[in-house]
Amino acid sequence: MNLLVLGRGKTGSLVAEIAAERRHHAHSVGAKDNVDGSALTAAKLSDVAAVIDFTAPHCILANIEACVKAGKNMVVGTTGWYEDIDHVRSLVERHKTGFVYAPNFSIGVHLFFDVVRAAATALRHEYSGQIFERHHVSKKDAPSGTAIALQRLMREASPRHEEVEITSFREGEVVGLHEIVLESAADRIYLCHDAKSRRGFAEGAVRAAEWLAVKKGFYEFKDVWREL
Ligand SMILES: NC(=O)c1ccc[n+]([C@@H]2O[C@H](COP(=O)([O-])OP(=O)(O)OC[C@H]3O[C@@H](n4cnc5c(N)ncnc54)[C@H](OP(=O)(O)O)[C@@H]3O)[C@@H](O)[C@H]2O)c1
């Protein structure tokens with residue numbers, strides 16, 4: 001596939017690398033080459049099968065609008081635009097394109113969610129729960145979106161239990177570590193997902209673009225990753 005990767009930062013550069021490993025033709029565009037969406041005209045996108053975006057909240061909506069209006073499928077890893085989700089969904093439906101987004105494109109994290117969902121039934125059996133998350137010092141948000149998703153799915157597994165508390169640590173170069181501890185008077189259960197690199201996110205995004213090649217519609221990765 002001819003893929004356009006928007007963003008040459010920590011994740012976008014890895015997306016381009018993995019796309020090439022998977023025998024796609026990947027072209028990367030950074031901020032300087034895309035001032036006011038100049039890289040996203042219909043003419044410039046004419047040969048592109050899908051656009052993968054790992055940029056920043058300030059430009060993501062303009063990127064989405066330009067690509068969707070040009071009729072291009074999109075995979076969006078950039079976060080910070082979800083208050084506009086209804087607008088984006090209707091844009092995608094109107095232009096009959098394909099669109100996959102996720103706050104987390106790691107298949108390993110989605111497998112971990114399944115494990116935690118099953119284990120969280122312990123909260124119905126006199127266990128208490130805790131969530132710990134560790135990330136690098138330059139991560140701006142806390143708690144992480146993944147920790148919030150873990151908290152939500154534990155709530156759904158055991159709605160009558162009090163909210164499981166999240167503790168956040170920001171240290172060194174940690175890519176992303178999430179731990180769950182379930183504790184009773186008799187024992188402790190420890191579950192942990194430790195991202196070794198950003199590779200999981202990048203690989204999930206490229207695979208989502210492959211999956212999208214024969215599809216139209218608006219999808220969240222959590223609902224489709226099992227089909228990859
Ligand atoms: N969904 C997931 O699985 C997942 C995983 C990791 C990260 N993320 C999200 O992905 C986004 C990027 O993360 P990151 O860690 O890769 O950030 P990063 O290292 O700061 O990279 C962002 C890149 O976007 C570029 N950029 C900014 N405006 C642009 C524009 N208008 N057109 C093209 N490129 C533009 C920047 O270029 P310059 O360097 O030239 O300014 C920079 O290289 C964030 O929103 C982050 O939360 C999501």
# chains A, B, ... in the order shown; residues from 1 in each chain; ligands from 1
$ select_by_dssp --residues "segment 40-72 of chain A" --states "strand (DSSP E or B)" --output "count of residues only"
4
$ closest_atom_pairs --of "segment 102-130 of chain A" --to "segment 41-65 of chain A" --cutoff "12 Å" --atoms "only C-alpha atoms" --output "Markdown table"
| residue | atom | partner | partner_atom | distance |
| --- | --- | --- | --- | --- |
| A:Ala102 | CA | A:Phe54 | CA | 11.0 |
| A:Pro103 | CA | A:Phe54 | CA | 10.8 |
| A:Asn104 | CA | A:Phe54 | CA | 11.5 |
| A:Phe105 | CA | A:Phe54 | CA | 11.2 |
$ write_last_selection --atoms "N, CA and C atoms" --output "short mmCIF file (atom, residue, chain, number, x, y, z; two decimals), in the first residue's frame"
data_model
loop_
_atom_site.label_atom_id
_atom_site.label_comp_id
_atom_site.auth_asym_id
_atom_site.auth_seq_id
_atom_site.Cartn_x
_atom_site.Cartn_y
_atom_site.Cartn_z
N ALA A 102 -7.74 5.14 17.96
CA ALA A 102 -7.56 4.52 19.27
C ALA A 102 -6.65 5.36 20.12
N PRO A 103 -6.95 5.45 21.42
CA PRO A 103 -5.96 6.04 22.32
C PRO A 103 -4.77 5.10 22.52
N ASN A 104 -4.94 3.82 22.15
CA ASN A 104 -3.86 2.85 22.32
C ASN A 104 -3.96 1.78 21.23
N PHE A 105 -2.98 1.74 20.34
CA PHE A 105 -3.01 0.79 19.22
C PHE A 105 -2.25 -0.51 19.51
#
$ residues_around --residues "Ala195 of chain A" --least-positions-apart "2" --cutoff "9 Å" --atoms "only C-alpha atoms" --output "number ranges by chain"
A: 108-109, 174-178, 193, 197-200
$ closest_residue --among "A:Ser106, A:Ala208, A:Phe218, A:Phe113" --to "Val68 of chain A" --atoms "only C-alpha atoms"
A:Phe218
$ closest_residue --among "A:Ser168, A:Ser138, A:Gln130, A:Asn2" --to "ligand 1" --atoms "only C-alpha atoms and all ligand atoms"
A:Ser138
$ closest_residue --among "A:His87, A:Lys222, A:Lys215, A:Arg23" --to "ligand 1" --atoms "only C-alpha atoms and all ligand atoms"
A:Lys222
$ residues_around --residues "Ala185 of chain A" --least-positions-apart "6" --cutoff "10 Å" --atoms "only C-alpha atoms" --output "list in words"
Glu126, Tyr127 and Ser128 of chain A
$ write_last_selection --atoms "C-alpha atoms" --output "PDB file, in the first residue's frame"
ATOM      1  CA  GLU A 126     -13.728  -9.591  49.083  1.00  0.00           C
ATOM      2  CA  TYR A 127     -10.721  -8.380  47.096  1.00  0.00           C
ATOM      3  CA  SER A 128      -9.640  -4.774  46.895  1.00  0.00           C
TER       4      SER A 128
END
$ residues_around --residues "Ala39 of chain A" --least-positions-apart "6" --cutoff "12 Å" --atoms "only C-alpha atoms" --output "list in words"
Leu4, Val5, Leu6, Gly7, His27, Ser28, Val29, Gly30, Ala31, Lys32, Asp33, Leu45, Ser46, Val48, Val51, Ala62, Asn63, Ala66, Cys67 and Ala70 of chain A
$ residues_around --residues "Val92 of chain A" --least-positions-apart "2" --cutoff "12 Å" --atoms "only C-alpha atoms" --output "list in words"
Ile64, Glu65, Ala66, Cys67, Val68, Lys69, Ala70, Gly71, Lys72, Asn73, Met74, Ile85, Asp86, His87, Val88, Arg89, Ser90, Arg94, His95, Lys96, Thr97, Gly98, Phe99, Val100, Lys216, Gly217, Phe218 and Tyr219 of chain A
$ write_last_selection --atoms "N, CA, C and O atoms" --output "mmCIF file, in the first residue's frame"
data_model
loop_
_atom_site.group_PDB
_atom_site.id
_atom_site.type_symbol
_atom_site.label_atom_id
_atom_site.label_comp_id
_atom_site.auth_asym_id
_atom_site.auth_seq_id
_atom_site.Cartn_x
_atom_site.Cartn_y
_atom_site.Cartn_z
ATOM 1 N N ILE A 64 -7.538 15.597 9.836
ATOM 2 C CA ILE A 64 -8.645 14.663 9.587
ATOM 3 C C ILE A 64 -9.578 15.234 8.516
ATOM 4 O O ILE A 64 -9.948 14.551 7.554
ATOM 5 N N GLU A 65 -9.931 16.504 8.678
ATOM 6 C CA GLU A 65 -10.891 17.104 7.728
ATOM 7 C C GLU A 65 -10.336 17.080 6.314
ATOM 8 O O GLU A 65 -11.028 16.696 5.368
ATOM 9 N N ALA A 66 -9.064 17.428 6.158
ATOM 10 C CA ALA A 66 -8.471 17.462 4.806
ATOM 11 C C ALA A 66 -8.434 16.059 4.195
ATOM 12 O O ALA A 66 -8.798 15.872 3.023
ATOM 13 N N CYS A 67 -8.017 15.071 4.961
ATOM 14 C CA CYS A 67 -7.862 13.709 4.409
ATOM 15 C C CYS A 67 -9.222 13.085 4.096
ATOM 16 O O CYS A 67 -9.398 12.449 3.049
ATOM 17 N N VAL A 68 -10.173 13.256 5.012
ATOM 18 C CA VAL A 68 -11.491 12.643 4.791
ATOM 19 C C VAL A 68 -12.188 13.319 3.604
ATOM 20 O O VAL A 68 -12.772 12.637 2.747
ATOM 21 N N LYS A 69 -12.085 14.648 3.528
ATOM 22 C CA LYS A 69 -12.725 15.356 2.404
ATOM 23 C C LYS A 69 -12.084 14.943 1.082
ATOM 24 O O LYS A 69 -12.738 14.994 0.033
ATOM 25 N N ALA A 70 -10.812 14.525 1.114
ATOM 26 C CA ALA A 70 -10.152 14.042 -0.107
ATOM 27 C C ALA A 70 -10.485 12.563 -0.373
ATOM 28 O O ALA A 70 -9.955 11.958 -1.302
ATOM 29 N N GLY A 71 -11.328 11.980 0.494
ATOM 30 C CA GLY A 71 -11.791 10.607 0.273
ATOM 31 C C GLY A 71 -10.811 9.539 0.737
ATOM 32 O O GLY A 71 -10.866 8.386 0.301
ATOM 33 N N LYS A 72 -9.878 9.909 1.649
ATOM 34 C CA LYS A 72 -8.839 8.962 2.060
ATOM 35 C C LYS A 72 -9.187 8.230 3.351
ATOM 36 O O LYS A 72 -9.737 8.821 4.286
ATOM 37 N N ASN A 73 -8.842 6.938 3.393
ATOM 38 C CA ASN A 73 -8.943 6.195 4.648
ATOM 39 C C ASN A 73 -7.904 6.727 5.624
ATOM 40 O O ASN A 73 -6.815 7.137 5.216
ATOM 41 N N MET A 74 -8.250 6.685 6.925
ATOM 42 C CA MET A 74 -7.332 7.217 7.946
ATOM 43 C C MET A 74 -7.242 6.321 9.165
ATOM 44 O O MET A 74 -8.245 5.749 9.603
ATOM 45 N N ILE A 85 -15.655 14.003 18.369
ATOM 46 C CA ILE A 85 -15.826 12.681 17.757
ATOM 47 C C ILE A 85 -17.098 12.586 16.903
ATOM 48 O O ILE A 85 -17.083 11.966 15.832
ATOM 49 N N ASP A 86 -18.178 13.232 17.349
ATOM 50 C CA ASP A 86 -19.427 13.142 16.578
ATOM 51 C C ASP A 86 -19.273 13.826 15.228
ATOM 52 O O ASP A 86 -19.757 13.341 14.205
ATOM 53 N N HIS A 87 -18.595 14.962 15.245
ATOM 54 C CA HIS A 87 -18.336 15.701 13.999
ATOM 55 C C HIS A 87 -17.507 14.842 13.042
ATOM 56 O O HIS A 87 -17.823 14.737 11.848
ATOM 57 N N VAL A 88 -16.469 14.180 13.573
ATOM 58 C CA VAL A 88 -15.588 13.363 12.718
ATOM 59 C C VAL A 88 -16.353 12.151 12.176
ATOM 60 O O VAL A 88 -16.252 11.825 10.993
ATOM 61 N N ARG A 89 -17.150 11.530 13.047
ATOM 62 C CA ARG A 89 -17.913 10.360 12.583
ATOM 63 C C ARG A 89 -18.840 10.745 11.426
ATOM 64 O O ARG A 89 -18.904 10.054 10.409
ATOM 65 N N SER A 90 -19.524 11.878 11.561
ATOM 66 C CA SER A 90 -20.472 12.241 10.494
ATOM 67 C C SER A 90 -19.721 12.636 9.214
ATOM 68 O O SER A 90 -20.176 12.358 8.105
ATOM 69 N N ARG A 94 -20.350 10.825 5.748
ATOM 70 C CA ARG A 94 -20.753 11.618 4.586
ATOM 71 C C ARG A 94 -19.835 11.364 3.387
ATOM 72 O O ARG A 94 -20.286 11.278 2.261
ATOM 73 N N HIS A 95 -18.552 11.207 3.659
ATOM 74 C CA HIS A 95 -17.594 11.045 2.555
ATOM 75 C C HIS A 95 -17.321 9.575 2.238
ATOM 76 O O HIS A 95 -16.472 9.270 1.383
ATOM 77 N N LYS A 96 -17.998 8.657 2.971
ATOM 78 C CA LYS A 96 -17.899 7.222 2.728
ATOM 79 C C LYS A 96 -16.445 6.725 2.697
ATOM 80 O O LYS A 96 -16.041 5.994 1.787
ATOM 81 N N THR A 97 -15.680 7.169 3.697
ATOM 82 C CA THR A 97 -14.297 6.691 3.798
ATOM 83 C C THR A 97 -14.197 5.686 4.944
ATOM 84 O O THR A 97 -15.188 5.388 5.611
ATOM 85 N N GLY A 98 -12.994 5.163 5.172
ATOM 86 C CA GLY A 98 -12.743 4.264 6.300
ATOM 87 C C GLY A 98 -11.900 4.992 7.338
ATOM 88 O O GLY A 98 -11.005 5.772 6.983
ATOM 89 N N PHE A 99 -12.175 4.729 8.636
ATOM 90 C CA PHE A 99 -11.503 5.474 9.700
ATOM 91 C C PHE A 99 -11.368 4.569 10.925
ATOM 92 O O PHE A 99 -12.346 3.976 11.368
ATOM 93 N N VAL A 100 -10.145 4.405 11.435
ATOM 94 C CA VAL A 100 -9.926 3.686 12.698
ATOM 95 C C VAL A 100 -9.148 4.608 13.629
ATOM 96 O O VAL A 100 -8.136 5.183 13.225
ATOM 97 N N LYS A 216 -15.170 0.425 4.657
ATOM 98 C CA LYS A 216 -15.590 1.818 4.835
ATOM 99 C C LYS A 216 -16.239 1.888 6.213
ATOM 100 O O LYS A 216 -16.745 0.886 6.711
ATOM 101 N N GLY A 217 -16.263 3.071 6.809
ATOM 102 C CA GLY A 217 -16.958 3.223 8.096
ATOM 103 C C GLY A 217 -16.029 3.724 9.180
ATOM 104 O O GLY A 217 -14.814 3.849 8.990
ATOM 105 N N PHE A 218 -16.645 3.989 10.338
ATOM 106 C CA PHE A 218 -15.960 4.629 11.467
ATOM 107 C C PHE A 218 -15.780 3.595 12.579
ATOM 108 O O PHE A 218 -16.763 3.042 13.076
ATOM 109 N N TYR A 219 -14.546 3.287 12.956
ATOM 110 C CA TYR A 219 -14.275 2.209 13.909
ATOM 111 C C TYR A 219 -13.322 2.659 15.006
ATOM 112 O O TYR A 219 -12.403 3.437 14.758
#
$ atom_distance --atom1 "atom CA of Ala119 of chain A" --atom2 "atom CA of Arg226 of chain A"
19.9 Å
